[in-house]
Amino acid sequence: MVVELFLDLRSQPCRALFIFAKKNNIPFEFKHVELLKGQHLSEEFGKVNVLKKVPALKDGAFTLAESTAILLYLSRKFNTPDHWYPSDLQKRARVDEYLSWQHTTIREKGCKIFITKVLVPLVVGQPFSPEKLEEAVEELNSALKQFEEKFLQDKPFIVGNEISLADLVAIVELMQPVGCGCDIFENRPKLVEWRSRVEEAVGKELFQQAHEIMLNVKNMSTTQLPPELREHLKQLLKP
């Protein structure tokens, strides 16, 4: 049975799911939920995911939220190659370790750059604060140092010689600041080499396809935001 994936490729976790499903030839129907039109807040989408967030999965009558849970569900249901989520107990634990760590570090700090440089100016209609951006970049730099020293070390990938879900989740998060015009890979040769290996592993064409919208995010304008969504975002972005 074809699963339904509710995605918007502006979202990092959505890109991870899109790449994973495409790379592994998982039969799925792409259900585009346009965040900029507030479609994730609709009553209709709420029937799929009461949390009103993307990504979401629908498999027959079964629905599932949260990207990590969906990635693991797909890897088990479609018996994807072992390197994605290794059967070896310790290798699997390394994937779990990274997925548990990244939420409040790589993801949170990368999102802060996106919010500071793109979302706040878009919603509030004022230029971004260079001071706040510098602070956000410094916080991400600190997380990247931990990423290199703790998780990547001198290995080709986080879990060794092959790509895993940990690498996939990491790369989509790090591409978010890149889409905002912040080259976080500059002067980080180890990170540049890792990124290149990840792109090769998933396929450069698929990688580009998944990130095309995000890499043009600087061209977003307030006219794309419905008034009710803009007001909703203003409330969320209040200090």
# chains A, B, ... in the order shown; residues from 1 in each chain; ligands from 1

call {"tool": "residues_around", "arguments": {"residues": "stretch 139-152 of chain A", "least_positions_apart": "3", "cutoff": "10 Å", "atoms": "only C-alpha atoms", "output": "PyMOL selection string"}}
result
chain A and resi 94-95+97-98+101-102+104-113+133-136+155-160+166-167+170+174+177+184-185+188+190-191+194

call {"tool": "closest_atom_pairs", "arguments": {"of": "stretch 74-175 of chain A", "to": "stretch 36-43 of chain A", "cutoff": "12 Å", "atoms": "only C-alpha atoms", "output": "tab-separated table"}}
result
residue	atom	partner	partner_atom	distance
A:Leu119	CA	A:Leu36	CA	10.9
A:Leu122	CA	A:Leu36	CA	11.1
A:Val123	CA	A:Leu36	CA	11.0

call {"tool": "write_last_selection", "arguments": {"atoms": "C-alpha atoms", "output": "tab-separated table (two decimals), in the first residue's frame"}}
result
chain	number	residue	atom	x	y	z
A	119	LEU	CA	11.18	34.77	9.45
A	122	LEU	CA	9.25	38.58	6.80
A	123	VAL	CA	6.56	38.62	9.49

call {"tool": "closest_atom_pairs", "arguments": {"of": "stretch 112-214 of chain A", "to": "stretch 71-81 of chain A", "cutoff": "12 Å", "atoms": "only C-alpha atoms", "output": "CSV"}}
result
residue,atom,partner,partner_atom,distance
A:Glu162,CA,A:Pro81,CA,10.7
A:Ile163,CA,A:Pro81,CA,10.4
A:Ser164,CA,A:Pro81,CA,9.7
A:Leu165,CA,A:Leu71,CA,7.9
A:Ala166,CA,A:Leu71,CA,10.7
A:Leu168,CA,A:Leu71,CA,10.4
A:Val169,CA,A:Leu71,CA,9.8

call {"tool": "write_last_selection", "arguments": {"atoms": "N, CA, C and O atoms", "output": "short mmCIF file (atom, residue, chain, number, x, y, z; two decimals), in the first residue's frame"}}
result
data_model
loop_
_atom_site.label_atom_id
_atom_site.label_comp_id
_atom_site.auth_asym_id
_atom_site.auth_seq_id
_atom_site.Cartn_x
_atom_site.Cartn_y
_atom_site.Cartn_z
N GLU A 162 29.32 4.14 6.45
CA GLU A 162 28.13 4.27 5.61
C GLU A 162 27.17 5.30 6.20
O GLU A 162 27.13 5.53 7.40
N ILE A 163 26.40 5.89 5.30
CA ILE A 163 25.41 6.87 5.72
C ILE A 163 24.34 6.22 6.59
O ILE A 163 24.00 5.04 6.41
N SER A 164 23.83 6.98 7.53
CA SER A 164 22.72 6.50 8.37
C SER A 164 21.68 7.60 8.49
O SER A 164 21.86 8.71 7.98
N LEU A 165 20.61 7.30 9.19
CA LEU A 165 19.58 8.31 9.44
C LEU A 165 20.15 9.51 10.19
O LEU A 165 19.69 10.64 10.02
N ALA A 166 21.18 9.28 11.00
CA ALA A 166 21.80 10.38 11.74
C ALA A 166 22.38 11.41 10.78
O ALA A 166 22.19 12.63 10.95
N LEU A 168 21.56 11.91 7.64
CA LEU A 168 20.49 12.52 6.87
C LEU A 168 19.80 13.62 7.66
O LEU A 168 19.55 14.73 7.15
N VAL A 169 19.49 13.33 8.91
CA VAL A 169 18.84 14.33 9.76
C VAL A 169 19.77 15.52 9.99
O VAL A 169 19.34 16.68 10.01
#

call {"tool": "select_by_dssp", "arguments": {"residues": "stretch 17-172 of chain A", "states": "strand (DSSP E or B)", "output": "MDAnalysis selection string"}}
result
chainID A and resid 28:32 56:59 62:65 157 160

call {"tool": "closest_residue", "arguments": {"among": "A:Gln153, A:Gly125, A:Glu34, A:Arg10", "to": "A:Cys180", "atoms": "only C-alpha atoms"}}
result
A:Arg10

call {"tool": "select_by_dssp", "arguments": {"residues": "stretch 62-104 of chain A", "states": "helix (DSSP H, G or I)", "output": "PyMOL selection string"}}
result
chain A and resi 67-77+82-84+89-104

call {"tool": "write_last_selection", "arguments": {"atoms": "N, CA and C atoms", "output": "short mmCIF file (atom, residue, chain, number, x, y, z; two decimals), in the first residue's frame"}}
result
data_model
loop_
_atom_site.label_atom_id
_atom_site.label_comp_id
_atom_site.auth_asym_id
_atom_site.auth_seq_id
_atom_site.Cartn_x
_atom_site.Cartn_y
_atom_site.Cartn_z
N SER A 67 8.94 13.44 12.90
CA SER A 67 9.78 12.95 11.81
C SER A 67 10.62 11.73 12.17
N THR A 68 11.21 11.71 13.36
CA THR A 68 12.03 10.57 13.74
C THR A 68 11.19 9.30 13.79
N ALA A 69 10.01 9.40 14.38
CA ALA A 69 9.12 8.23 14.45
C ALA A 69 8.74 7.76 13.04
N ILE A 70 8.50 8.71 12.14
CA ILE A 70 8.11 8.36 10.76
C ILE A 70 9.28 7.71 10.03
N LEU A 71 10.48 8.25 10.18
CA LEU A 71 11.66 7.65 9.55
C LEU A 71 11.86 6.21 10.01
N LEU A 72 11.73 5.98 11.30
CA LEU A 72 11.92 4.63 11.83
C LEU A 72 10.80 3.70 11.37
N TYR A 73 9.59 4.21 11.31
CA TYR A 73 8.45 3.41 10.83
C TYR A 73 8.68 2.97 9.39
N LEU A 74 9.10 3.91 8.54
CA LEU A 74 9.33 3.58 7.13
C LEU A 74 10.49 2.60 6.97
N SER A 75 11.55 2.79 7.78
CA SER A 75 12.71 1.90 7.66
C SER A 75 12.33 0.47 8.01
N ARG A 76 11.43 0.31 8.97
CA ARG A 76 11.01 -1.04 9.38
C ARG A 76 9.96 -1.62 8.44
N LYS A 77 9.00 -0.80 8.07
CA LYS A 77 7.91 -1.29 7.21
C LYS A 77 8.44 -1.73 5.84
N ASP A 82 20.32 -1.94 5.81
CA ASP A 82 20.67 -1.92 7.23
C ASP A 82 21.44 -0.69 7.66
N HIS A 83 22.23 -0.10 6.76
CA HIS A 83 23.08 1.01 7.17
C HIS A 83 22.28 2.22 7.63
N TRP A 84 21.03 2.35 7.18
CA TRP A 84 20.24 3.51 7.60
C TRP A 84 19.94 3.49 9.09
N LEU A 89 23.60 -3.59 17.58
CA LEU A 89 23.10 -2.86 18.75
C LEU A 89 23.84 -1.56 19.01
N GLN A 90 25.16 -1.60 18.94
CA GLN A 90 25.94 -0.41 19.28
C GLN A 90 25.89 0.65 18.17
N LYS A 91 25.87 0.20 16.91
CA LYS A 91 25.73 1.15 15.82
C LYS A 91 24.36 1.83 15.87
N ARG A 92 23.33 1.05 16.15
CA ARG A 92 21.98 1.62 16.27
C ARG A 92 21.94 2.62 17.42
N ALA A 93 22.63 2.30 18.51
CA ALA A 93 22.67 3.20 19.66
C ALA A 93 23.32 4.53 19.28
N ARG A 94 24.31 4.49 18.38
CA ARG A 94 24.96 5.72 17.93
C ARG A 94 23.99 6.59 17.13
N VAL A 95 23.17 5.96 16.31
CA VAL A 95 22.14 6.71 15.58
C VAL A 95 21.16 7.33 16.58
N ASP A 96 20.70 6.51 17.52
CA ASP A 96 19.77 7.01 18.53
C ASP A 96 20.37 8.15 19.34
N GLU A 97 21.66 8.02 19.65
CA GLU A 97 22.35 9.05 20.43
C GLU A 97 22.32 10.39 19.70
N TYR A 98 22.65 10.35 18.40
CA TYR A 98 22.65 11.61 17.65
C TYR A 98 21.24 12.18 17.54
N LEU A 99 20.26 11.34 17.22
CA LEU A 99 18.88 11.81 17.05
C LEU A 99 18.35 12.41 18.35
N SER A 100 18.81 11.88 19.48
CA SER A 100 18.37 12.41 20.78
C SER A 100 19.04 13.74 21.09
N TRP A 101 20.30 13.89 20.65
CA TRP A 101 21.09 15.09 20.96
C TRP A 101 20.71 16.27 20.10
N GLN A 102 20.43 16.05 18.84
CA GLN A 102 20.37 17.13 17.87
C GLN A 102 19.23 18.13 18.04
N HIS A 103 18.15 17.71 18.71
CA HIS A 103 16.97 18.58 18.82
C HIS A 103 17.28 19.93 19.47
N THR A 104 18.06 19.91 20.54
CA THR A 104 18.32 21.15 21.29
C THR A 104 19.66 21.77 20.93
#

call {"tool": "atom_distance", "arguments": {"atom1": "atom CA of A:Val3", "atom2": "atom CA of A:Lys204"}}
result
24.9 Å

call {"tool": "residues_around", "arguments": {"residues": "A:Gly203", "least_positions_apart": "6", "cutoff": "12 Å", "atoms": "only C-alpha atoms", "output": "list in words"}}
result
Ile19, Phe20, Lys22, Lys23, Asn24, Ile163, Arg195, Ser196, Arg197, Gln209 and Ala210 of chain A

call {"tool": "decode", "arguments": {"residues": "stretch 149-161 of chain A", "atoms": "N, CA and C atoms", "output": "mmCIF file, in the first residue's frame"}}
result
data_model
loop_
_atom_site.group_PDB
_atom_site.id
_atom_site.type_symbol
_atom_site.label_atom_id
_atom_site.label_comp_id
_atom_site.auth_asym_id
_atom_site.auth_seq_id
_atom_site.Cartn_x
_atom_site.Cartn_y
_atom_site.Cartn_z
ATOM 1 N N GLU A 149 33.568 17.026 16.972
ATOM 2 C CA GLU A 149 34.423 16.344 17.942
ATOM 3 C C GLU A 149 33.784 15.104 18.544
ATOM 4 N N LYS A 150 32.490 15.151 18.788
ATOM 5 C CA LYS A 150 31.809 14.039 19.451
ATOM 6 C C LYS A 150 31.250 13.027 18.459
ATOM 7 N N PHE A 151 30.561 13.512 17.422
ATOM 8 C CA PHE A 151 29.818 12.589 16.556
ATOM 9 C C PHE A 151 30.548 12.214 15.273
ATOM 10 N N LEU A 152 31.180 13.179 14.628
ATOM 11 C CA LEU A 152 31.831 12.877 13.350
ATOM 12 C C LEU A 152 33.245 12.343 13.551
ATOM 13 N N GLN A 153 34.004 12.993 14.422
ATOM 14 C CA GLN A 153 35.391 12.601 14.699
ATOM 15 C C GLN A 153 36.158 12.462 13.376
ATOM 16 N N ASP A 154 36.827 11.346 13.159
ATOM 17 C CA ASP A 154 37.583 11.150 11.912
ATOM 18 C C ASP A 154 36.932 10.087 11.030
ATOM 19 N N LYS A 155 35.634 9.892 11.195
ATOM 20 C CA LYS A 155 34.916 8.870 10.425
ATOM 21 C C LYS A 155 34.300 9.503 9.174
ATOM 22 N N PRO A 156 34.076 8.701 8.139
ATOM 23 C CA PRO A 156 33.402 9.227 6.951
ATOM 24 C C PRO A 156 31.979 9.702 7.258
ATOM 25 N N PHE A 157 31.272 8.922 8.110
ATOM 26 C CA PHE A 157 29.904 9.246 8.502
ATOM 27 C C PHE A 157 29.776 9.094 10.019
ATOM 28 N N ILE A 158 28.654 9.504 10.553
ATOM 29 C CA ILE A 158 28.479 9.508 12.007
ATOM 30 C C ILE A 158 28.632 8.122 12.617
ATOM 31 N N VAL A 159 28.162 7.094 11.908
ATOM 32 C CA VAL A 159 28.223 5.741 12.458
ATOM 33 C C VAL A 159 29.326 4.905 11.797
ATOM 34 N N GLY A 160 30.215 5.530 11.068
ATOM 35 C CA GLY A 160 31.310 4.769 10.486
ATOM 36 C C GLY A 160 31.462 4.998 9.004
ATOM 37 N N ASN A 161 31.407 3.917 8.246
ATOM 38 C CA ASN A 161 31.734 3.981 6.820
ATOM 39 C C ASN A 161 30.536 4.162 5.899
#
